[in-house]
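The structure file data_2.csv is reproduced below (CSV, C-alpha atoms and all ligand atoms).
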chain,number,residue,atom,x,y,z
A,1,MET,CA,91.4,117.2,114.0
A,2,ALA,CA,94.7,117.5,112.2
A,3,ARG,CA,97.4,115.5,113.7
A,4,GLU,CA,100.9,116.8,113.9
A,5,VAL,CA,102.8,113.6,113.0
A,6,LYS,CA,102.3,112.2,109.6
A,7,ILE,CA,104.2,109.4,108.0
A,8,LYS,CA,105.5,109.9,104.5
A,9,GLY,CA,104.1,107.8,101.8
A,10,LYS,CA,105.5,105.5,99.1
A,11,PRO,CA,107.8,107.1,96.5
A,12,ASP,CA,105.0,106.9,94.0
A,13,ASP,CA,102.6,108.7,96.3
A,14,ASP,CA,100.8,111.6,94.9
A,15,ARG,CA,102.4,114.3,97.0
A,16,GLU,CA,105.7,115.8,98.0
A,17,PRO,CA,106.9,115.0,101.5
A,18,GLY,CA,106.0,117.9,103.8
A,19,ALA,CA,108.5,119.6,106.0
A,20,GLY,CA,109.4,117.6,109.1
A,21,GLU,CA,108.0,114.4,107.8
A,22,ASP,CA,110.0,111.2,108.2
A,23,ARG,CA,109.1,107.9,106.7
A,24,HIS,CA,110.6,106.0,109.6
A,25,ALA,CA,109.1,108.2,112.3
A,26,PRO,CA,107.3,106.1,114.9
A,27,PRO,CA,103.6,106.6,115.2
A,28,PRO,CA,102.7,109.4,117.6
A,29,PRO,CA,102.8,108.1,121.2
A,30,PRO,CA,99.2,107.4,122.4
A,31,ASP,CA,98.0,110.2,124.7
A,32,ALA,CA,97.3,108.8,128.1
A,33,VAL,CA,93.9,110.5,128.4
A,34,GLU,CA,92.9,109.3,124.9
A,35,GLU,CA,93.9,105.8,126.0
A,36,LYS,CA,91.7,106.1,129.1
A,37,LEU,CA,88.7,107.0,126.9
A,38,ARG,CA,89.2,104.2,124.4
A,39,PRO,CA,86.7,101.3,124.7
A,40,GLN,CA,88.4,98.1,125.7
A,41,ARG,CA,85.5,95.6,125.2
A,42,LEU,CA,82.9,95.1,122.5
A,43,SER,CA,80.2,95.9,125.0
A,44,GLU,CA,81.8,99.4,125.5
A,45,ILE,CA,81.7,100.2,121.8
A,46,ILE,CA,79.0,102.8,121.0
A,47,GLY,CA,77.4,103.0,117.5
A,48,GLN,CA,78.7,101.1,114.4
A,49,ARG,CA,76.1,98.5,115.4
A,50,ALA,CA,76.2,96.4,112.3
A,51,VAL,CA,80.0,96.2,112.4
A,52,ALA,CA,80.1,95.3,116.1
A,53,GLU,CA,77.5,92.6,115.5
A,54,ARG,CA,79.4,91.0,112.7
A,55,LEU,CA,82.6,91.1,114.8
A,56,SER,CA,80.8,89.4,117.7
A,57,ILE,CA,79.8,86.6,115.4
A,58,ALA,CA,83.4,86.2,114.1
A,59,LEU,CA,84.6,86.2,117.7
A,60,ALA,CA,82.2,83.6,118.9
A,61,ALA,CA,82.9,81.4,116.0
A,62,ALA,CA,86.7,81.7,116.4
A,63,LYS,CA,86.4,80.9,120.1
A,64,LYS,CA,84.1,77.9,119.5
A,65,ARG,CA,86.3,76.4,116.8
A,66,ASN,CA,89.4,77.4,118.7
A,67,GLU,CA,90.8,79.0,115.6
A,68,PRO,CA,92.3,82.4,114.9
A,69,LEU,CA,89.9,85.2,113.7
A,70,PRO,CA,89.7,85.7,110.0
A,71,HIS,CA,91.8,88.5,108.5
A,72,ILE,CA,89.9,91.7,108.9
A,73,LEU,CA,90.2,95.0,107.0
A,74,PHE,CA,88.9,98.2,108.6
A,75,ASP,CA,88.5,101.3,106.5
A,76,GLY,CA,87.1,104.7,107.1
A,77,PRO,CA,88.2,108.3,107.9
A,78,PRO,CA,90.5,109.0,110.8
A,79,GLY,CA,89.2,108.9,114.4
A,80,LEU,CA,86.2,106.6,113.8
A,81,GLY,CA,87.5,103.6,115.7
A,82,LYS,CA,89.7,101.4,113.4
A,83,THR,CA,92.5,101.0,116.0
A,84,THR,CA,89.9,100.8,118.8
A,85,PHE,CA,88.2,97.8,117.1
A,86,ALA,CA,91.5,96.0,116.7
A,87,GLY,CA,92.3,96.5,120.4
A,88,VAL,CA,88.8,95.3,121.4
A,89,LEU,CA,89.2,92.1,119.4
A,90,HIS,CA,92.6,91.5,121.0
A,91,ASN,CA,91.0,92.0,124.5
A,92,GLU,CA,88.0,89.9,123.8
A,93,LEU,CA,90.2,87.0,122.6
A,94,GLY,CA,92.9,87.5,125.2
A,95,VAL,CA,95.6,87.0,122.6
A,96,GLU,CA,98.8,88.7,121.8
A,97,LEU,CA,98.6,91.9,119.7
A,98,ASN,CA,101.5,93.2,117.7
A,99,LEU,CA,101.3,96.6,116.1
A,100,THR,CA,103.0,98.0,113.0
A,101,SER,CA,102.4,100.4,110.2
A,102,GLY,CA,102.5,100.0,106.4
A,103,ALA,CA,104.8,103.0,106.2
A,104,SER,CA,107.5,101.4,108.4
A,105,LEU,CA,107.6,98.2,106.5
A,106,ASP,CA,109.9,99.2,103.6
A,107,LYS,CA,111.3,95.8,102.8
A,108,LYS,CA,110.4,92.2,103.1
A,109,MET,CA,112.9,91.8,105.9
A,110,ASP,CA,111.1,94.5,107.9
A,111,VAL,CA,107.9,92.4,108.0
A,112,MET,CA,109.7,89.1,108.5
A,113,PRO,CA,110.1,89.3,112.4
A,114,TYR,CA,106.4,90.1,112.8
A,115,LEU,CA,105.5,86.9,110.8
A,116,THR,CA,107.9,84.5,112.3
A,117,ASN,CA,107.3,85.6,115.8
A,118,ALA,CA,103.5,85.6,115.6
A,119,ALA,CA,102.1,83.3,118.2
A,120,GLU,CA,99.2,80.9,117.3
A,121,GLY,CA,96.0,82.8,117.3
A,122,SER,CA,97.7,86.2,117.8
A,123,ILE,CA,96.8,89.4,116.0
A,124,LEU,CA,99.1,91.5,113.8
A,125,PHE,CA,97.7,95.0,113.4
A,126,ILE,CA,99.0,96.8,110.3
A,127,ASP,CA,97.9,100.4,110.4
A,128,GLU,CA,98.0,102.5,107.2
A,129,ILE,CA,98.1,99.3,105.2
A,130,HIS,CA,97.7,101.1,101.9
A,131,ARG,CA,101.3,102.3,102.4
A,132,LEU,CA,102.8,98.8,102.1
A,133,PRO,CA,105.2,98.7,99.2
A,134,ARG,CA,104.1,96.3,96.5
A,135,ALA,CA,107.0,93.9,97.1
A,136,VAL,CA,106.0,93.6,100.8
A,137,GLU,CA,102.4,93.2,99.9
A,138,GLU,CA,103.2,90.3,97.5
A,139,PHE,CA,105.4,88.7,100.2
A,140,ILE,CA,102.5,88.5,102.6
A,141,TYR,CA,100.0,87.0,100.2
A,142,PRO,CA,101.0,83.4,101.0
A,143,VAL,CA,101.0,84.3,104.7
A,144,MET,CA,97.4,85.4,104.5
A,145,GLU,CA,96.4,82.4,102.4
A,146,ASP,CA,98.4,79.4,103.8
A,147,PHE,CA,100.4,80.7,106.7
A,148,ARG,CA,103.8,80.2,105.0
A,149,VAL,CA,106.5,82.5,103.6
A,150,ASP,CA,108.7,81.8,100.7
A,151,VAL,CA,112.3,82.8,101.5
A,152,VAL,CA,115.0,82.9,98.9
A,153,LEU,CA,118.4,81.8,100.2
A,154,GLY,CA,121.6,82.5,98.3
A,155,GLU,CA,122.0,84.2,95.0
A,156,GLY,CA,122.1,83.5,91.2
A,157,MET,CA,122.4,79.8,90.3
A,158,ALA,CA,122.7,78.8,93.9
A,159,ALA,CA,119.5,80.5,95.0
A,160,ARG,CA,117.0,78.2,96.7
A,161,THR,CA,113.5,79.0,97.8
A,162,ILE,CA,112.5,77.8,101.2
A,163,ASN,CA,109.0,77.4,102.2
A,164,LEU,CA,108.7,78.4,105.9
A,165,PRO,CA,105.6,77.4,107.7
A,166,LEU,CA,104.2,79.9,110.2
A,167,LYS,CA,101.7,79.7,113.1
A,168,LYS,CA,98.1,80.5,112.3
A,169,PHE,CA,97.4,84.1,113.2
A,170,THR,CA,95.2,87.0,112.2
A,171,ILE,CA,96.1,90.1,110.2
A,172,ILE,CA,94.0,93.2,110.9
A,173,GLY,CA,94.6,96.0,108.5
A,174,ALA,CA,93.4,99.6,108.9
A,175,THR,CA,93.3,102.2,106.2
A,176,THR,CA,91.8,105.6,105.5
A,177,ARG,CA,92.2,104.9,101.7
A,178,SER,CA,90.8,101.5,100.8
A,179,GLY,CA,90.8,102.6,97.2
A,180,MET,CA,94.6,102.6,97.2
A,181,LEU,CA,94.8,98.9,98.2
A,182,SER,CA,95.5,96.5,95.4
A,183,ALA,CA,92.7,94.1,94.6
A,184,PRO,CA,94.7,90.9,95.5
A,185,LEU,CA,95.5,92.3,99.0
A,186,ARG,CA,91.9,93.4,99.5
A,187,GLU,CA,90.6,90.0,98.5
A,188,ARG,CA,92.8,88.2,101.0
A,189,PHE,CA,90.9,89.8,103.9
A,190,HIS,CA,87.9,87.7,104.7
A,191,MET,CA,86.0,90.6,106.4
A,192,HIS,CA,85.8,94.1,105.2
A,193,GLU,CA,84.4,96.6,107.7
A,194,HIS,CA,83.8,100.1,106.6
A,195,LEU,CA,83.4,102.6,109.5
A,196,GLU,CA,80.9,105.4,108.9
A,197,PHE,CA,80.6,108.8,110.6
A,198,TYR,CA,78.6,108.6,113.9
A,199,ASP,CA,75.2,110.2,114.3
A,200,PRO,CA,74.8,112.8,117.1
A,201,GLU,CA,72.9,110.4,119.3
A,202,ASP,CA,75.9,108.0,119.5
A,203,LEU,CA,78.3,110.8,119.9
A,204,ALA,CA,76.2,112.3,122.8
A,205,ARG,CA,76.4,108.9,124.5
A,206,ILE,CA,80.2,108.7,124.0
A,207,ILE,CA,80.5,112.2,125.4
A,208,THR,CA,78.4,111.5,128.5
A,209,ILE,CA,80.3,108.3,129.2
A,210,ASN,CA,83.7,109.9,128.7
A,211,ALA,CA,82.8,113.0,130.8
A,212,ALA,CA,82.2,110.5,133.7
A,213,LYS,CA,85.5,108.9,133.0
A,214,LEU,CA,87.1,112.4,133.2
A,215,ARG,CA,85.1,113.0,136.4
A,216,ALA,CA,83.3,116.0,134.8
A,217,THR,CA,79.6,116.7,135.0
A,218,ILE,CA,77.9,117.5,131.8
A,219,SER,CA,74.2,118.4,131.1
A,220,ASP,CA,72.3,116.5,128.4
A,221,GLU,CA,71.9,119.6,126.4
A,222,ALA,CA,75.7,120.3,126.5
A,223,ALA,CA,76.5,116.7,125.5
A,224,TRP,CA,74.1,117.1,122.5
A,225,GLU,CA,75.6,120.4,121.6
A,226,LEU,CA,79.1,118.9,121.6
A,227,ALA,CA,77.9,115.9,119.7
A,228,GLY,CA,76.4,118.0,116.9
A,229,ARG,CA,79.7,119.9,116.6
A,230,SER,CA,82.1,117.0,116.4
A,231,ARG,CA,82.0,116.2,112.7
A,232,GLY,CA,80.6,112.8,113.3
A,233,THR,CA,83.9,111.6,114.8
A,234,PRO,CA,84.5,110.2,118.3
A,235,ARG,CA,88.1,111.4,118.4
A,236,ILE,CA,87.0,114.9,117.7
A,237,ALA,CA,84.1,114.6,120.3
A,238,ASN,CA,86.7,113.5,122.9
A,239,SER,CA,89.0,116.4,122.1
A,240,ARG,CA,86.1,118.9,122.2
A,241,LEU,CA,85.0,117.5,125.5
A,242,ARG,CA,88.5,117.8,127.0
A,243,TRP,CA,88.7,121.4,125.9
A,244,VAL,CA,85.2,122.3,127.2
A,245,ARG,CA,86.0,120.5,130.5
A,246,ASP,CA,89.2,122.6,130.9
A,247,TYR,CA,87.2,125.8,130.0
A,248,ALA,CA,84.6,124.9,132.6
A,249,ILE,CA,87.2,124.5,135.3
A,250,ALA,CA,89.1,127.6,134.4
A,251,ARG,CA,86.1,129.9,133.9
A,252,ALA,CA,83.4,128.4,136.1
A,253,ASP,CA,82.9,125.7,138.7
A,254,GLY,CA,83.8,122.8,136.4
A,255,ALA,CA,80.2,121.8,135.6
A,256,ILE,CA,79.6,121.7,131.8
A,257,ASP,CA,76.3,123.3,130.7
A,258,LEU,CA,75.0,124.5,127.4
A,259,SER,CA,76.3,128.0,127.7
A,260,ILE,CA,79.7,127.0,128.9
A,261,SER,CA,80.1,124.6,126.0
A,262,ARG,CA,79.0,127.2,123.5
A,263,ASP,CA,81.4,129.8,124.8
A,264,ALA,CA,84.3,127.3,124.9
A,265,LEU,CA,83.7,126.2,121.3
A,266,ALA,CA,83.3,129.8,120.2
A,267,MET,CA,86.7,130.5,121.7
A,268,GLN,CA,88.2,127.8,119.5
A,269,GLU,CA,86.3,129.1,116.5
A,270,ILE,CA,84.3,126.0,116.0
A,271,ASP,CA,81.1,126.9,114.3
A,272,SER,CA,77.5,125.7,114.5
A,273,GLU,CA,78.3,122.8,112.1
A,274,GLY,CA,81.4,121.8,114.1
A,275,MET,CA,83.7,123.1,111.4
A,276,ASP,CA,87.0,124.5,112.5
A,277,LYS,CA,89.2,127.1,110.9
A,278,GLN,CA,90.8,124.6,108.6
A,279,ASP,CA,87.5,123.4,107.2
A,280,ARG,CA,86.3,126.9,106.6
A,281,ARG,CA,89.6,127.8,105.0
A,282,TYR,CA,89.2,124.9,102.6
A,283,LEU,CA,85.7,126.0,101.6
A,284,ASP,CA,86.9,129.6,101.4
A,285,THR,CA,89.8,128.7,99.1
A,286,LEU,CA,87.6,126.5,96.9
A,287,ILE,CA,85.0,129.3,96.6
A,288,ARG,CA,87.2,132.5,96.4
A,289,VAL,CA,90.4,131.3,94.8
A,290,PHE,CA,88.9,128.6,92.6
A,291,LYS,CA,85.5,130.3,92.0
A,292,GLY,CA,83.7,127.3,93.5
A,293,GLY,CA,85.6,124.7,91.4
A,294,PRO,CA,85.9,122.3,89.8
A,295,THR,CA,89.5,122.0,91.1
A,296,GLY,CA,91.8,119.1,92.1
A,297,ALA,CA,92.9,118.2,95.6
A,298,GLU,CA,96.5,119.0,94.6
A,299,ALA,CA,95.8,122.6,93.7
A,300,LEU,CA,93.8,123.1,96.9
A,301,ALA,CA,96.5,121.6,99.0
A,302,ALA,CA,99.2,123.7,97.4
A,303,THR,CA,97.2,126.9,97.9
A,304,MET,CA,96.4,126.0,101.5
A,305,THR,CA,100.0,124.8,102.1
A,306,LEU,CA,98.8,121.5,103.4
A,307,SER,CA,99.7,118.0,102.3
A,308,VAL,CA,97.3,116.4,99.8
A,309,ASP,CA,96.9,113.6,102.4
A,310,THR,CA,95.7,116.0,105.0
A,311,ILE,CA,93.1,117.4,102.6
A,312,ARG,CA,92.0,114.0,101.4
A,313,ASP,CA,92.0,112.1,104.7
A,314,GLU,CA,91.1,114.7,107.3
A,315,VAL,CA,89.4,117.7,105.7
A,316,GLU,CA,87.3,116.4,102.8
A,317,PRO,CA,85.5,113.2,104.1
A,318,TYR,CA,83.2,115.1,106.4
A,319,LEU,CA,82.6,118.0,103.9
A,320,LEU,CA,81.7,115.4,101.3
A,321,ARG,CA,79.4,113.6,103.7
A,322,ARG,CA,77.7,116.9,104.6
A,323,GLU,CA,77.5,117.7,100.9
A,324,PHE,CA,79.3,121.0,101.3
A,325,VAL,CA,81.5,119.7,98.5
A,326,VAL,CA,80.9,117.2,95.7
A,327,ARG,CA,83.5,115.3,93.7
A,328,THR,CA,83.0,115.5,89.9
A,329,PRO,CA,85.2,113.9,87.3
A,330,ARG,CA,86.8,117.3,86.8
A,331,GLY,CA,87.4,118.0,90.5
A,332,ARG,CA,85.9,119.3,93.7
A,333,VAL,CA,82.9,121.7,93.5
A,334,ALA,CA,81.4,123.7,96.3
A,335,THR,CA,77.7,123.3,96.7
A,336,ALA,CA,75.0,125.9,97.6
A,337,ALA,CA,75.2,124.7,101.2
A,338,ALA,CA,78.9,125.7,101.3
A,339,TYR,CA,78.1,129.2,100.1
A,340,ARG,CA,75.3,129.5,102.6
A,341,HIS,CA,77.5,128.3,105.4
A,342,LEU,CA,80.1,130.9,104.7
A,343,GLY,CA,77.4,133.6,104.2
A,344,LEU,CA,78.4,134.1,100.6
A,345,ALA,CA,76.2,134.7,97.6
A,346,GLN,CA,76.4,131.9,95.0
A,347,PRO,CA,77.0,133.2,91.5
A,348,GLU,CA,74.5,132.4,88.9
A,349,VAL,CA,75.5,129.3,86.9
A,350,ASP,CA,74.5,128.5,83.4
A,351,PRO,CA,72.7,125.2,83.6
A,352,GLU,CA,74.9,124.0,80.7
A,353,ASP,CA,78.0,124.6,82.8
A,354,ASP,CA,76.5,123.5,86.1
A,355,LEU,CA,78.5,120.5,87.3
A,356,LEU,CA,76.0,119.9,90.0
A,357,ASN,CA,73.1,119.6,87.6
A,358,PRO,CA,72.3,115.8,87.7
A,359,GLN,CA,71.3,115.9,84.1
A,360,ARG,CA,74.6,117.2,83.1
A,361,ARG,CA,76.7,115.0,85.5
A,362,LEU,CA,75.4,112.0,83.6
A,363,PHE,CA,77.4,113.1,80.5
A,364,LEU,CA,80.7,113.9,82.2
B,401,LIG,N1,82.7,103.1,118.8
B,401,LIG,C1,83.3,103.9,119.7
B,401,LIG,N2,82.8,104.1,120.9
B,401,LIG,C2,83.4,104.9,121.7
B,401,LIG,N3,84.5,105.6,121.5
B,401,LIG,C3,85.1,105.4,120.3
B,401,LIG,C4,84.6,104.5,119.4
B,401,LIG,N4,85.4,104.6,118.3
B,401,LIG,C5,86.4,105.4,118.6
B,401,LIG,N5,86.2,105.9,119.8
B,401,LIG,C6,87.1,106.9,120.4
B,401,LIG,O1,87.7,107.6,119.4
B,401,LIG,C7,89.2,107.6,119.6
B,401,LIG,C8,89.8,107.5,118.2
B,401,LIG,O2,89.5,106.2,117.6
B,401,LIG,P1,90.6,105.3,116.9
B,401,LIG,O3,92.0,105.7,117.4
B,401,LIG,O4,90.2,103.9,117.0
B,401,LIG,O5,90.4,105.9,115.4
B,401,LIG,P2,91.1,105.3,114.0
B,401,LIG,O6,90.0,105.0,113.1
B,401,LIG,O7,92.1,104.3,114.3
B,401,LIG,O8,91.8,106.7,113.5
B,401,LIG,P3,93.2,106.8,112.6
B,401,LIG,O9,92.7,106.6,111.2
B,401,LIG,O10,93.5,108.3,112.8
B,401,LIG,O11,94.2,105.9,113.1
B,401,LIG,C9,89.4,106.4,120.5
B,401,LIG,O12,90.5,106.7,121.3
B,401,LIG,C10,88.2,106.3,121.3
B,401,LIG,O13,88.3,107.0,122.5
B,402,MG,MG,94.2,104.3,114.2
Represent the supplied structure as structure tokens.
Amino acid sequence: MAREVKIKGKPDDDREPGAGEDRHAPPPPPDAVEEKLRPQRLSEIIGQRAVAERLSIALAAAKKRNEPLPHILFDGPPGLGKTTFAGVLHNELGVELNLTSGASLDKKMDVMPYLTNAAEGSILFIDEIHRLPRAVEEFIYPVMEDFRVDVVLGEGMAARTINLPLKKFTIIGATTRSGMLSAPLRERFHMHEHLEFYDPEDLARIITINAAKLRATISDEAAWELAGRSRGTPRIANSRLRWVRDYAIARADGAIDLSISRDALAMQEIDSEGMDKQDRRYLDTLIRVFKGGPTGAEALAATMTLSVDTIRDEVEPYLLRREFVVRTPRGRVATAAAYRHLGLAQPEVDPEDDLLNPQRRLFL
């Protein structure tokens, strides 16, 4: 689901700031219902089994050795649980959690209070860590390695570097773009956890549990229907559930069954694959305006009047995962599945020009 509030990127970012964007805007306030649905303990986490198991080992070891958790980097598309995992680790350890975002840490001095005030064993969560300016990144390297910062006092000939020791604490970074992280920063995280899209079985469980938290009754078929139409993403599953629950209350007796969920989703123009209007517009633009591609994300974004970040972070990951679109060295290309989904005929392609031809892709 597209979020309204976006934080502007670094000056060298690959896009123009969109209207209404503000680098220093605070992150959107957490929605109270969303917070109610967020798992608090590791045992409440559904799916992501391998990640959860590795984290439980790290937790047990940290507790036994009475040491802070290692620095952990979470990456993956929006809404898959990066912030949730950070909150769960903080709850499991019962330590202090401080939250900040790469986009709001412009200068070294912005990050300084988080470092000097960090309590022993506490967690500093840096969201959107790929947006940290390089100077701030370099400033935190010694923090992550040896728990110290180098502060320069004075100027010119009189300048002195003071080595300030810090308490031992944990940095948890979250990013939707791990590729944008510099290698030295990435390497300073001892654990790298990549979150994948959820399968419908896990999403159906999340939906059933959350329906109970919302005091709604939902049939198994309806839970599966919503799960299959949530783009593999718990945040989207939750928002679809909330809409369907409201629809069931407004149009029926509040119980969510298969036909109520289908009607409610149809009203929001969410199709059988869980694609919304924005997803279909993306495919439609790629196919009709750019003749199926190849084309770059910038051109697609400009034509759709969306930011490149929205395209890259929110729209494309699931379309790529479902293979409606593939990325080639020359840009995005719509697949036969995309044409079929929109009910459009795919033009004949000369095998020599076919970017999806595996033989040919080898030479690109
Ligand atoms: N493993 C899970 N089990 C159950 N619910 C989950 C799980 N992961 C995420 N959720 C639900 O999805 C919502 C969104 O997850 P979260 O905010 O952690 O995503 P995120 O990866 O931090 O996204 P963003 O990149 O937008 O910050 C949570 O509020 C929670 O209700
Ligand atoms: Mg988050």
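Using only C-alpha atoms and all ligand atoms, the shortest contact distance between ligand MG 402 (chain B) and any of A:Leu80, A:Ala237, A:Leu164, A:Leu319 is found at A:Leu80.
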Next on the checklist: Show me which residues line ligand LIG 401 (chain B), defined as having an atom within 6 Å of a ligand atom where all atoms listed in the file count, and present them as a ChimeraX atom specification.
Outcome noted: /A:34-35,37-39,45-47,77-84,176,206,234-235
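The space between atom CA of Pro317 of chain A and atom CA of Leu265 of chain A spans 21.6 Å.
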Checklist entry - Using only C-alpha atoms, which residues sit within 10 Å of Ala52 of chain A once same-chain residues fewer than 4 positions away are excluded, as a ChimeraX atom specification? => result /A:42-43,45-48,56-58,85,193
Next on the checklist: Which residues are near segment 126-128 of chain A? Cut-off 8 Å, only C-alpha atoms, ignore same chain within fewer than 2 positions. Put them as a ChimeraX atom specification.
Outcome noted: /A:83,99-103,124,130-132,171-176
Next on the checklist: Report, in Å with one decimal, the straight-line distance from atom CA of Ile311 of chain A to atom CA of Arg332 of chain A.
Outcome noted: 11.6 Å
Item to check | Contacts of segment 208-214 of chain A within 8 Å, all atoms listed in the file, excl. fewer than 4 positions in-chain, as JSON, numbers by chain | outcome: {"A": [36, 37, 204, 218, 220, 223, 238, 241]}
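Taking atom CA of Val325 of chain A as the reference point, atom CA of Phe74 of chain A is found at 24.9 Å.
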Item to check | Polymer residues at most 6 Å from segment 137-151 of chain A, only C-alpha atoms, same-chain spacing of 6 or more positions, as a PyMOL selection string | outcome: chain A and resi 161-166
Selection to disk with C-alpha atoms, as a tab-separated table (two decimals), keeping the file's coordinate frame:
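As written to disk, selection.tsv reads:
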chain	number	residue	atom	x	y	z
A	161	THR	CA	113.50	79.00	97.80
A	162	ILE	CA	112.50	77.80	101.20
A	163	ASN	CA	109.00	77.40	102.20
A	164	LEU	CA	108.70	78.40	105.90
A	165	PRO	CA	105.60	77.40	107.70
A	166	LEU	CA	104.20	79.90	110.20
Next on the checklist: Give me the residues near Lys291 of chain A as a PyMOL selection string, where near means some atom within 12 Å (using only C-alpha atoms) and where sequence neighbours in that chain fewer than 3 positions away do not count.
Outcome noted: chain A and resi 283-288+294-295+332-335+339+344-349
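With distances restricted to all atoms listed in the file, A:Ile129 is the closest residue to ligand MG 402 (chain B) from A:Ile207, A:Leu115, A:Ile129, A:Ile72.
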Checklist entry - Looking at all atoms listed in the file, which of A:Ala86, A:Ala32, A:Ala222, A:Met180 is the one that sits closest to ligand MG 402 (chain B)? => result A:Ala86
Checklist entry - Taking all atoms listed in the file into account, which of A:Val51, A:Leu258, A:Ala227, A:Val315 comes nearest Lys277 of chain A? => result A:Val315
From (77.3, 115.3, 101.8), in the file's coordinates, out to 12 Å: which residues are reached, counting all atoms listed in the file? Answer as a PDB file with C-alpha atoms, in the frame of the given file.
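Result written to result_9.pdb:
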ATOM      1  CA  PHE A 197      80.600 108.800 110.600  1.00  0.00           C
ATOM      2  CA  ARG A 231      82.000 116.200 112.700  1.00  0.00           C
ATOM      3  CA  GLU A 316      87.300 116.400 102.800  1.00  0.00           C
ATOM      4  CA  PRO A 317      85.500 113.200 104.100  1.00  0.00           C
ATOM      5  CA  TYR A 318      83.200 115.100 106.400  1.00  0.00           C
ATOM      6  CA  LEU A 319      82.600 118.000 103.900  1.00  0.00           C
ATOM      7  CA  LEU A 320      81.700 115.400 101.300  1.00  0.00           C
ATOM      8  CA  ARG A 321      79.400 113.600 103.700  1.00  0.00           C
ATOM      9  CA  ARG A 322      77.700 116.900 104.600  1.00  0.00           C
ATOM     10  CA  GLU A 323      77.500 117.700 100.900  1.00  0.00           C
ATOM     11  CA  PHE A 324      79.300 121.000 101.300  1.00  0.00           C
ATOM     12  CA  VAL A 325      81.500 119.700  98.500  1.00  0.00           C
ATOM     13  CA  VAL A 326      80.900 117.200  95.700  1.00  0.00           C
ATOM     14  CA  ARG A 327      83.500 115.300  93.700  1.00  0.00           C
ATOM     15  CA  VAL A 333      82.900 121.700  93.500  1.00  0.00           C
ATOM     16  CA  ALA A 334      81.400 123.700  96.300  1.00  0.00           C
ATOM     17  CA  THR A 335      77.700 123.300  96.700  1.00  0.00           C
ATOM     18  CA  ALA A 336      75.000 125.900  97.600  1.00  0.00           C
ATOM     19  CA  ALA A 337      75.200 124.700 101.200  1.00  0.00           C
ATOM     20  CA  ALA A 338      78.900 125.700 101.300  1.00  0.00           C
TER      21      ALA A 338
END
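If you measure from each of A:Gly232, A:Pro329, A:Gly76, A:Gly254 to ligand MG 402 (chain B) using all atoms listed in the file, the closest one turns out to be A:Gly76.
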Item to check | Distance criterion (only C-alpha atoms and all ligand atoms): nearest to ligand MG 402 (chain B) out of A:Pro113, A:Leu195, A:Asp279, A:Leu59 | outcome: A:Leu195
Only C-alpha atoms needed: put segment 220-238 of chain A from the block into a file as a PDB file, in the first residue's frame.
ATOM      1  CA  ASP A 220     -11.358 -19.878   6.817  1.00  0.00           C
ATOM      2  CA  GLU A 221     -12.235 -19.397   3.140  1.00  0.00           C
ATOM      3  CA  ALA A 222     -12.434 -15.640   3.611  1.00  0.00           C
ATOM      4  CA  ALA A 223      -9.080 -15.585   5.431  1.00  0.00           C
ATOM      5  CA  TRP A 224      -7.497 -17.523   2.553  1.00  0.00           C
ATOM      6  CA  GLU A 225      -9.117 -15.249  -0.003  1.00  0.00           C
ATOM      7  CA  LEU A 226      -7.685 -12.159   1.683  1.00  0.00           C
ATOM      8  CA  ALA A 227      -4.316 -13.871   2.113  1.00  0.00           C
ATOM      9  CA  GLY A 228      -4.123 -14.649  -1.607  1.00  0.00           C
ATOM     10  CA  ARG A 229      -4.891 -11.043  -2.421  1.00  0.00           C
ATOM     11  CA  SER A 230      -2.446  -9.316  -0.075  1.00  0.00           C
ATOM     12  CA  ARG A 231       0.673  -9.243  -2.248  1.00  0.00           C
ATOM     13  CA  GLY A 232       2.578 -11.455   0.201  1.00  0.00           C
ATOM     14  CA  THR A 233       2.709  -8.568   2.691  1.00  0.00           C
ATOM     15  CA  PRO A 234       1.366  -8.578   6.281  1.00  0.00           C
ATOM     16  CA  ARG A 235       0.814  -4.818   6.322  1.00  0.00           C
ATOM     17  CA  ILE A 236      -1.376  -5.106   3.231  1.00  0.00           C
ATOM     18  CA  ALA A 237      -3.154  -8.159   4.715  1.00  0.00           C
ATOM     19  CA  ASN A 238      -3.958  -6.070   7.796  1.00  0.00           C
TER      20      ASN A 238
END
